[in-house]
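Raw data.txt, compact mmCIF, C-alpha atoms (C1' of nucleotides):
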# COMPACT_ATOMS: atom_id res chain seq x y z
CA MET A 12 -9.39 -28.00 17.03
CA ALA A 13 -11.22 -26.15 14.31
CA SER A 14 -8.63 -23.44 14.19
CA ASP A 15 -5.56 -22.12 15.92
CA ALA A 16 -7.35 -18.92 16.78
CA ASP A 17 -10.11 -20.44 18.84
CA ASP A 18 -8.44 -19.62 22.11
CA LEU A 19 -7.58 -16.06 21.25
CA ALA A 20 -9.56 -13.11 22.47
CA PHE A 21 -9.13 -11.41 19.10
CA ASP A 22 -9.69 -13.24 15.85
CA VAL A 23 -8.70 -11.33 12.76
CA PHE A 24 -10.67 -13.65 10.54
CA SER A 25 -13.86 -12.36 12.02
CA ARG A 26 -15.30 -9.36 10.31
CA GLN A 27 -16.03 -7.14 13.27
CA CYS A 28 -12.95 -7.83 15.30
CA PRO A 29 -10.98 -4.64 15.94
CA SER A 30 -7.78 -6.51 15.19
CA ARG A 31 -8.90 -6.61 11.60
CA SER A 32 -8.68 -2.86 11.22
CA THR A 33 -5.26 -2.79 12.81
CA LEU A 34 -4.06 -5.51 10.49
CA GLU A 35 -5.35 -3.45 7.62
CA HIS A 36 -3.47 -0.38 8.79
CA VAL A 37 -0.34 -2.44 9.15
CA THR A 38 -0.56 -4.36 5.91
CA GLY A 39 -2.27 -1.66 3.91
CA ARG A 40 -0.69 -0.38 0.75
CA TRP A 41 1.14 2.43 2.50
CA GLY A 42 1.15 1.13 6.05
CA SER A 43 3.60 -1.67 5.39
CA LEU A 44 6.00 0.54 3.49
CA THR A 45 5.77 3.30 6.06
CA LEU A 46 6.53 0.96 8.93
CA GLY A 47 9.32 -0.64 6.92
CA ALA A 48 10.88 2.72 6.19
CA LEU A 49 10.68 3.88 9.80
CA TYR A 50 12.29 0.70 11.02
CA GLU A 51 15.57 1.74 9.50
CA GLU A 52 15.52 5.20 11.02
CA GLY A 53 13.25 7.88 12.34
CA LEU A 54 12.28 10.25 9.56
CA ARG A 55 10.63 13.57 8.99
CA PHE A 56 7.49 13.92 6.96
CA ASN A 57 9.03 14.80 3.64
CA ALA A 58 11.95 12.45 4.02
CA LEU A 59 9.46 9.67 4.60
CA ARG A 60 7.53 10.80 1.59
CA ARG A 61 10.64 10.53 -0.53
CA ARG A 62 11.52 7.13 0.87
CA VAL A 63 8.11 5.65 0.24
CA ASP A 64 8.10 6.22 -3.47
CA GLY A 65 4.65 7.12 -4.74
CA VAL A 66 2.72 8.21 -1.67
CA SER A 67 0.81 11.41 -1.84
CA GLU A 68 0.93 13.83 1.07
CA LYS A 69 -2.64 13.02 1.82
CA MET A 70 -2.20 9.28 1.99
CA LEU A 71 1.01 9.51 4.00
CA SER A 72 -0.65 11.83 6.45
CA GLN A 73 -3.66 9.56 6.72
CA THR A 74 -1.49 6.49 7.13
CA LEU A 75 0.60 8.09 9.84
CA HIS A 76 -2.46 9.13 11.79
CA ALA A 77 -3.85 5.62 11.73
CA LEU A 78 -0.55 4.11 12.82
CA GLU A 79 -0.09 6.70 15.52
CA ARG A 80 -3.57 6.05 16.83
CA ASP A 81 -2.89 2.33 16.97
CA GLY A 82 0.21 3.03 19.04
CA LEU A 83 2.69 1.89 16.41
CA VAL A 84 4.18 5.21 15.47
CA LEU A 85 5.33 8.07 17.66
CA ARG A 86 4.98 11.60 16.42
CA GLU A 87 7.32 14.17 17.88
CA ALA A 88 6.67 17.75 16.93
CA GLN A 89 9.30 20.28 17.85
CA PRO A 90 8.07 23.83 18.30
CA VAL A 91 10.68 25.45 16.10
CA SER A 92 10.59 27.42 12.93
CA PRO A 93 10.56 26.04 10.36
CA PRO A 94 8.51 23.24 11.89
CA ARG A 95 10.21 19.94 12.48
CA VAL A 96 8.32 16.74 13.11
CA ASP A 97 9.98 13.40 13.56
CA TYR A 98 8.26 10.09 13.22
CA GLU A 99 9.57 6.95 14.77
CA LEU A 100 8.34 3.55 15.80
CA THR A 101 7.13 2.66 19.26
CA PRO A 102 8.38 -0.60 20.76
CA LEU A 103 5.26 -2.35 19.52
CA GLY A 104 5.62 -0.72 16.13
CA ARG A 105 9.15 -2.03 16.05
CA GLU A 106 8.01 -5.58 16.65
CA VAL A 107 5.41 -5.29 13.95
CA ALA A 108 7.89 -3.76 11.54
CA GLU A 109 10.31 -6.60 12.13
CA ARG A 110 7.80 -9.16 10.95
CA LEU A 111 6.83 -6.97 8.08
CA LEU A 112 10.42 -6.54 7.02
CA GLY A 113 10.94 -10.27 7.20
CA LEU A 114 8.03 -10.64 4.85
CA ILE A 115 9.26 -7.90 2.55
CA ARG A 116 12.71 -9.40 2.32
CA LEU A 117 11.28 -12.82 1.64
CA VAL A 118 9.19 -11.45 -1.21
CA GLU A 119 12.05 -9.43 -2.60
CA GLY A 120 14.36 -12.40 -2.39
CA ARG A 121 11.98 -14.72 -4.18
CA MET A 122 10.86 -12.43 -6.93
CA ASP A 123 12.62 -14.56 -9.52
CA ASP A 124 10.33 -17.42 -8.61
CA VAL A 125 7.31 -15.15 -8.67
CA LEU A 126 8.23 -13.73 -12.05
CA THR A 127 8.71 -17.23 -13.42
CA ALA A 128 5.33 -18.30 -12.09
CA ARG A 129 3.77 -15.22 -13.59
CA SER A 130 5.01 -15.83 -17.09
CA ARG A 131 4.06 -19.48 -16.90
CA TYR A 132 0.56 -18.52 -15.80
CA ASP A 133 0.23 -15.92 -18.52
CA GLU A 134 1.38 -18.31 -21.22
CA THR A 135 -1.14 -20.90 -20.19
CA ARG A 136 -4.07 -18.52 -20.42
CA GLY A 137 -2.82 -16.78 -23.52
CA GLY A 138 -1.88 -13.55 -21.74
CA ARG A 139 -5.33 -12.42 -20.78
CA MET B 4 24.88 2.20 4.10
CA ALA B 5 21.88 4.29 3.28
CA SER B 6 19.57 1.32 3.44
CA ASP B 7 19.50 -2.40 3.90
CA ALA B 8 17.94 -2.87 0.51
CA ASP B 9 20.64 -1.27 -1.55
CA ASP B 10 22.18 -4.56 -2.52
CA LEU B 11 18.97 -6.27 -3.48
CA ALA B 12 17.86 -6.75 -7.04
CA PHE B 13 14.29 -5.95 -6.06
CA ASP B 14 13.41 -2.99 -3.89
CA VAL B 15 9.84 -2.83 -2.78
CA PHE B 16 10.18 0.80 -1.78
CA SER B 17 10.56 1.73 -5.38
CA ARG B 18 7.34 2.46 -7.16
CA GLN B 19 7.84 0.44 -10.31
CA CYS B 20 9.46 -2.60 -8.81
CA PRO B 21 7.42 -5.73 -9.53
CA SER B 22 7.96 -6.86 -5.96
CA ARG B 23 5.67 -4.05 -4.91
CA SER B 24 2.68 -5.58 -6.65
CA THR B 25 3.40 -8.96 -5.12
CA LEU B 26 3.67 -7.42 -1.69
CA GLU B 27 0.34 -5.77 -2.31
CA HIS B 28 -1.25 -9.05 -3.27
CA VAL B 29 0.18 -10.67 -0.19
CA THR B 30 -0.61 -7.95 2.30
CA GLY B 31 -3.76 -6.72 0.65
CA ARG B 32 -6.98 -6.67 2.58
CA TRP B 33 -8.01 -10.13 1.41
CA GLY B 34 -4.66 -11.53 0.39
CA SER B 35 -3.32 -11.78 3.92
CA LEU B 36 -6.45 -13.40 5.27
CA THR B 37 -6.68 -15.81 2.35
CA LEU B 38 -3.11 -16.96 2.76
CA GLY B 39 -3.61 -17.22 6.49
CA ALA B 40 -6.69 -19.36 6.06
CA LEU B 41 -5.07 -21.65 3.53
CA TYR B 42 -2.08 -22.17 5.77
CA GLU B 43 -4.21 -24.15 8.16
CA GLU B 44 -5.69 -26.38 5.48
CA GLY B 45 -6.49 -26.56 1.80
CA LEU B 46 -10.01 -25.29 1.20
CA ARG B 47 -12.64 -25.15 -1.49
CA PHE B 48 -13.93 -21.88 -2.80
CA ASN B 49 -16.98 -21.54 -0.62
CA ALA B 50 -15.32 -22.92 2.45
CA LEU B 51 -12.66 -20.28 2.03
CA ARG B 52 -15.34 -17.68 1.58
CA ARG B 53 -16.88 -18.70 4.87
CA ARG B 54 -13.55 -18.70 6.65
CA VAL B 55 -12.58 -15.26 5.47
CA ASP B 56 -15.52 -13.47 6.94
CA GLY B 57 -16.68 -10.62 4.75
CA VAL B 58 -15.13 -11.32 1.35
CA SER B 59 -17.38 -11.09 -1.62
CA GLU B 60 -17.20 -13.78 -4.27
CA LYS B 61 -15.67 -11.33 -6.64
CA MET B 62 -12.90 -10.24 -4.34
CA LEU B 63 -12.07 -13.77 -3.31
CA SER B 64 -11.94 -14.85 -6.91
CA GLN B 65 -9.78 -11.90 -7.83
CA THR B 66 -7.50 -12.44 -4.87
CA LEU B 67 -7.06 -16.11 -5.67
CA HIS B 68 -6.20 -15.38 -9.27
CA ALA B 69 -3.54 -12.89 -8.26
CA LEU B 70 -2.03 -15.26 -5.72
CA GLU B 71 -2.12 -18.14 -8.14
CA ARG B 72 -0.42 -16.05 -10.78
CA ASP B 73 2.31 -15.10 -8.35
CA GLY B 74 2.90 -18.76 -7.63
CA LEU B 75 1.69 -18.66 -4.04
CA VAL B 76 -1.52 -20.61 -4.39
CA LEU B 77 -2.23 -23.80 -6.25
CA ARG B 78 -5.61 -24.30 -7.86
CA GLU B 79 -6.76 -27.86 -8.41
CA ALA B 80 -9.95 -28.26 -10.38
CA GLN B 81 -11.49 -31.70 -10.49
CA PRO B 82 -13.66 -32.42 -13.51
CA VAL B 83 -16.63 -33.73 -11.58
CA SER B 84 -20.18 -32.65 -11.17
CA PRO B 85 -20.89 -30.68 -9.13
CA PRO B 86 -17.59 -28.89 -9.71
CA ARG B 87 -14.95 -29.22 -7.06
CA VAL B 88 -11.95 -26.94 -6.85
CA ASP B 89 -9.38 -27.09 -4.10
CA TYR B 90 -7.02 -24.31 -3.24
CA GLU B 91 -3.82 -24.84 -1.35
CA LEU B 92 -0.52 -23.11 -0.80
CA THR B 93 2.60 -23.75 -2.81
CA PRO B 94 5.87 -24.12 -0.89
CA LEU B 95 6.59 -20.46 -1.47
CA GLY B 96 3.07 -19.55 -0.46
CA ARG B 97 3.61 -21.51 2.70
CA GLU B 98 6.72 -19.53 3.58
CA VAL B 99 4.93 -16.29 2.95
CA ALA B 100 1.93 -17.39 4.99
CA GLU B 101 4.16 -18.29 7.91
CA ARG B 102 5.46 -14.75 8.18
CA LEU B 103 2.01 -13.40 7.68
CA LEU B 104 0.62 -15.57 10.42
CA GLY B 105 3.40 -14.47 12.73
CA LEU B 106 2.33 -10.93 12.07
CA ILE B 107 -1.34 -11.71 12.52
CA ARG B 108 -0.76 -13.46 15.82
CA LEU B 109 1.39 -10.61 17.03
CA VAL B 110 -1.33 -8.11 16.24
CA GLU B 111 -4.03 -10.27 17.77
CA GLY B 112 -1.96 -10.81 20.88
CA ARG B 113 -1.27 -7.12 21.38
CA MET B 114 -4.70 -5.76 20.69
CA ASP B 115 -5.08 -4.72 24.30
CA ASP B 116 -2.15 -2.36 23.86
CA VAL B 117 -3.56 -1.10 20.59
CA LEU B 118 -6.96 -0.49 22.09
CA THR B 119 -5.41 1.36 24.98
CA ALA B 120 -3.39 3.51 22.61
CA ARG B 121 -6.49 4.20 20.60
CA SER B 122 -8.55 5.46 23.48
CA ARG B 123 -5.67 7.57 24.75
CA TYR B 124 -5.29 9.09 21.31
CA ASP B 125 -8.99 9.75 20.98
CA GLU B 126 -9.19 11.38 24.37
CA THR B 127 -6.34 13.73 23.58
CA ARG B 128 -7.95 14.98 20.38
CA GLY B 129 -11.43 15.11 21.75
CA GLY B 130 -12.65 11.93 20.15
CA ARG B 131 -12.28 12.84 16.54
C1' DC C 14 8.60 22.44 6.41
C1' DA C 15 4.38 20.04 8.06
C1' DG C 16 0.20 19.26 7.12
C1' DG C 17 -5.35 20.25 6.96
C1' DA C 18 -9.36 21.16 3.58
C1' DT C 19 -11.48 20.74 -0.72
C1' DC C 20 -12.63 19.38 -5.44
C1' DC C 21 -12.78 15.92 -8.68
C1' DG C 22 -11.61 11.96 -11.65
C1' DT C 23 -10.43 7.04 -11.26
C1' DC C 24 -9.96 2.62 -9.43
C1' DT C 25 -11.88 -0.75 -6.03
C1' DT C 26 -15.52 -2.88 -3.61
C1' DG C 27 -19.49 -5.20 -2.75
C1' DA C 28 -24.44 -6.70 -4.01
C1' DT C 29 -26.91 -8.92 -7.14
C1' DA C 30 -27.90 -11.69 -11.03
C1' DC C 31 -26.59 -15.14 -14.15
C1' DT C 32 -23.87 -19.31 -16.28
C1' DG C 33 -21.53 -23.92 -16.77
C1' DC D 11 -20.54 -25.67 -6.47
C1' DA D 12 -17.57 -22.38 -8.69
C1' DG D 13 -17.30 -18.85 -10.60
C1' DT D 14 -18.20 -14.48 -14.31
C1' DA D 15 -20.92 -10.13 -15.63
C1' DT D 16 -22.88 -5.95 -14.34
C1' DC D 17 -23.63 -1.78 -11.89
C1' DA D 18 -23.80 1.65 -8.16
C1' DA D 19 -21.40 3.44 -4.07
C1' DG D 20 -17.54 4.64 -1.91
C1' DA D 21 -12.57 4.71 -1.20
C1' DC D 22 -8.48 6.33 -3.12
C1' DG D 23 -5.21 9.51 -5.38
C1' DG D 24 -3.69 13.86 -7.25
C1' DA D 25 -3.70 18.71 -7.54
C1' DT D 26 -4.35 22.92 -5.43
C1' DC D 27 -4.85 26.34 -1.92
C1' DC D 28 -4.19 27.56 2.79
C1' DT D 29 -2.37 27.89 7.70
C1' DG D 30 1.12 27.91 11.34
Step by step, read the file and then write its structure as C-alpha cells.
Amino acid sequence: MASDADDLAFDVFSRQCPSRSTLEHVTGRWGSLTLGALYEEGLRFNALRRRVDGVSEKMLSQTLHALERDGLVLREAQPVSPPRVDYELTPLGREVAERLLGLIRLVEGRMDDVLTARSRYDETRGGR
Amino acid sequence: MASDADDLAFDVFSRQCPSRSTLEHVTGRWGSLTLGALYEEGLRFNALRRRVDGVSEKMLSQTLHALERDGLVLREAQPVSPPRVDYELTPLGREVAERLLGLIRLVEGRMDDVLTARSRYDETRGGR
DNA sequence: CAGGATCCGTCTTGATACTG
DNA sequence: CAGTATCAAGACGGATCCTG
C-alpha cells in the first residue's frame, strides 16, 4: 500500500530502472515535441525540423535515434537520389504520443491559468 | 487543416510560446517525477527527495519553484521549529499529473517491448 | 536532402558546504 | 528540517565542414 507501483516490474521512480531513461527520451525537451509532431503525420527530416521550432540538426538527429532505439519511431530510408527518409510512429509510439498530446493540449488550454498564477507569484516575491 | 493546433491561442510547437516553458517544467527530468510523486500524496521536502530517487536538493528545490510558479504545486510552510513545509498539487496540477501518470504507467507497462526493440536495434548496428 | 564528426561556448547538474 | 550558495564536470546547442 506504500505506492501504486509496488506491483510493477518497472518502477520509474527508481534511479536505475531502464524505464526512467525511456521516460526521459519521451518527455525530454525535444522528445515530446518530436513525438507530438509525428503523431499528426509522418515527416521527413527537414520537415520535422521545421515543425519542431528551435531544434538543431544535431539534437533532432540524436532524439530520433533514441526514439527509434526504444521502438517508438520507425525510420524508413528510401535508396533514391536525392535521399529521402521518412519518420513515423510505431504502434507503441502512437500510444505514447496520444498521452503526450493529451498533456500538451491540456497545458495549452490552461495557459491562461498558468500565466495568472505566474504573475501572482512574481508579484508576491517582488519579481525576483 | 495543416495541424490540430492552428486554432489554439497557445502552440507549444512554436519556440517562443510560453506554453513551451510550462511543458518543459512539467515533462522535465524532475518535473514529471515530482508531479507523479505528489499525485499519490502531499509530501514534505525530504520525503519527496527520497521518493524521487536521484534528485539533488538543488534540482528539487528548483523544480518545485517552477511548478509552484506555474500554479501546479502548492507550498504550505508552517511556522514551527523545526521547519515543516508541505507540498501538494493544485487542482490544475492534479489534472496534469493524471496525464503524466497515465504516460508513466504506459511506459512502465511496455518496457518489455522497449527492451526488445533496444536489443534488436543494438544488434543491427553492432552494439554501438 | 539526410545526416555524421568536430570544435567550442553556454547552460544545467550534482556534490558539498553552509544558514535559518 | 528546509533550503540557499558555491563550484567543477558534463550535457547541451550552434556553427561548420564533410559524405553519400
Hey, list the chain D side of the contact with chain A: 12 Å cut-off, only C-alpha atoms (C1' of nucleotides), answer as a CSV table (one decimal) with C-alpha atoms (C1' of nucleotides), keeping the file's coordinate frame.
chain,number,residue,atom,x,y,z
D,21,DA,C1',-12.6,4.7,-1.2
D,22,DC,C1',-8.5,6.3,-3.1
D,23,DG,C1',-5.2,9.5,-5.4
D,24,DG,C1',-3.7,13.9,-7.2
D,25,DA,C1',-3.7,18.7,-7.5
D,30,DG,C1',1.1,27.9,11.3
Each residue of chain C lying at most 12 Å from chain B should get a row with its shortest atom-to-atom pair and the distance in Å to one decimal, counting only C-alpha atoms (C1' of nucleotides); could you produce that, ordered by chain and increasing number, as a Markdown table?
| residue | atom | partner | partner_atom | distance |
| --- | --- | --- | --- | --- |
| C:DT25 | C1' | B:Met62 | CA | 9.7 |
| C:DT26 | C1' | B:Met62 | CA | 7.8 |
| C:DG27 | C1' | B:Ser59 | CA | 6.4 |
| C:DA28 | C1' | B:Ser59 | CA | 8.7 |
| C:DT29 | C1' | B:Ser59 | CA | 11.2 |
| C:DG33 | C1' | B:Pro86 | CA | 9.5 |
Original post:
Between A:Leu100, A:Val63, A:Val37, A:Ala77, which one has atoms that come closest to chain B, using all atoms listed in the file?
Top reply: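 Distance minimum relative to chain B lands on A:Val63.
Residues within 6 Å of range 111-127 of chain B, counting all atoms listed in the file and excluding same-chain residues fewer than 3 positions away, are Phe21, Ser30, Arg80, Asp81 and Gly82 of chain A; Arg108 and Gly130 of chain B.
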Subject >> Surrounding residues of Gly45 in chain B excluding itself and chain neighbours under 2 positions, 8 Å, all atoms listed in the file, as an NGL selection string >> reply: :B and (41-43 or 47 or 89-92)
**OP:** For CA of Leu109 in chain B and CA of Leu67 in chain B, determine how far apart the two atoms are, in Å to one decimal place.
**Re:**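 It comes out at 24.8 Å.
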